[in-house]
>>> print(open('final-v9.tsv').read())   # TSV, C-alpha atoms
chain	number	residue	atom	x	y	z
A	31	MET	CA	-19.01	11.78	-17.09
A	32	LEU	CA	-16.64	11.33	-14.17
A	33	THR	CA	-17.15	8.54	-11.68
A	34	THR	CA	-16.86	9.41	-8.00
A	35	PHE	CA	-15.58	7.06	-5.34
A	36	GLY	CA	-17.13	8.39	-2.16
A	37	PHE	CA	-16.18	12.03	-1.94
A	38	ILE	CA	-12.99	11.73	-3.98
A	39	THR	CA	-13.35	12.57	-7.65
A	40	PRO	CA	-10.57	11.81	-10.15
A	41	MET	CA	-9.73	15.53	-10.25
A	42	THR	CA	-9.36	15.63	-6.45
A	43	ALA	CA	-7.18	12.50	-6.50
A	44	GLY	CA	-4.94	14.10	-9.13
A	45	ILE	CA	-4.54	17.27	-7.09
A	46	ILE	CA	-3.69	15.25	-3.98
A	47	LEU	CA	-1.10	13.26	-5.96
A	48	VAL	CA	0.54	16.45	-7.29
A	49	VAL	CA	0.66	18.02	-3.81
A	50	ALA	CA	2.19	14.83	-2.35
A	51	LEU	CA	4.77	14.80	-5.15
A	52	VAL	CA	5.73	18.41	-4.43
A	53	ILE	CA	5.94	17.86	-0.66
A	54	PHE	CA	7.76	14.52	-0.53
A	55	GLY	CA	9.57	14.44	-3.87
A	56	PRO	CA	9.74	11.65	-6.43
A	57	GLY	CA	12.35	9.65	-4.49
A	58	LYS	CA	10.35	9.33	-1.28
A	59	LEU	CA	6.91	8.64	-2.81
A	60	PRO	CA	7.44	4.91	-3.63
A	61	GLU	CA	8.69	4.28	-0.09
A	62	LEU	CA	5.61	6.00	1.35
A	63	GLY	CA	3.37	3.90	-0.90
A	64	LYS	CA	4.99	0.66	0.25
A	65	SER	CA	4.65	1.66	3.89
A	66	LEU	CA	1.00	2.59	3.41
A	67	GLY	CA	0.27	-0.71	1.64
A	68	ARG	CA	2.01	-2.70	4.36
A	69	GLY	CA	0.03	-0.87	7.04
A	70	ILE	CA	-3.28	-1.52	5.30
A	71	LYS	CA	-2.42	-5.20	4.87
A	72	GLU	CA	-1.55	-5.56	8.56
A	73	PHE	CA	-4.72	-3.73	9.59
A	74	LYS	CA	-6.91	-5.97	7.44
A	75	SER	CA	-5.30	-9.13	8.78
A	76	ALA	CA	-5.70	-7.89	12.36
A	77	THR	CA	-9.36	-7.05	11.92
A	78	GLU	CA	-10.09	-10.40	10.29
A	79	GLY	CA	-8.40	-12.26	13.14
A	80	GLU	CA	-5.85	-13.93	10.94
A	81	GLU	CA	-2.55	-14.79	12.49
A	82	LYS	CA	0.65	-14.36	10.60
A	83	LYS	CA	1.80	-17.59	9.12
A	84	GLU	CA	5.51	-18.06	9.26
A	85	GLU	CA	7.02	-19.38	6.11
A	86	VAL	CA	9.26	-22.35	6.54
A	87	LYS	CA	12.01	-22.73	4.01
A	88	VAL	CA	12.81	-26.26	3.04
A	89	GLU	CA	16.23	-26.88	1.60
A	90	LYS	CA	16.80	-29.82	-0.69
A	91	VAL	CA	20.02	-31.72	-0.31
A	92	GLU	CA	21.38	-33.01	-3.59
A	93	LYS	CA	23.69	-36.01	-3.64
>>> encode(input="final-v9.tsv", output="structure tokens")
Amino acid sequence: MLTTFGFITPMTAGIILVVALVIFGPGKLPELGKSLGRGIKEFKSATEGEEKKEEVKVEKVEK
């Protein structure tokens, strides 16, 4: 038995993936995935009210 996630069944997800692969090609798909993931991450942090924390690099001086 297939599990559904909302209205998207595994068969529907597979068809969408194949259509995206045909439209964008295998070279562009990873870049689109990274951009989508980055956008979702920024959206979640904005809705939760979290501010971006800047990373401070500390360099060690060896003597």
>>> atom_distance(input="final-v9.tsv", atom1="atom CA of A:Ala43", atom2="atom CA of A:Ala76")
27.8 Å
>>> atom_distance(input="final-v9.tsv", atom1="atom CA of A:Val49", atom2="atom CA of A:Leu62")
14.0 Å
>>> atom_distance(input="final-v9.tsv", atom1="atom CA of A:Ile46", atom2="atom CA of A:Gly63")
13.7 Å
>>> axis_aligned_box(input="final-v9.tsv", around="stretch 43-57 of chain A", padding_each_side="3 Å", output="lines of an AutoDock Vina configuration file")
center_x = 2.6
center_y = 14.0
center_z = -4.8
size_x = 25.5
size_y = 14.8
size_z = 14.6
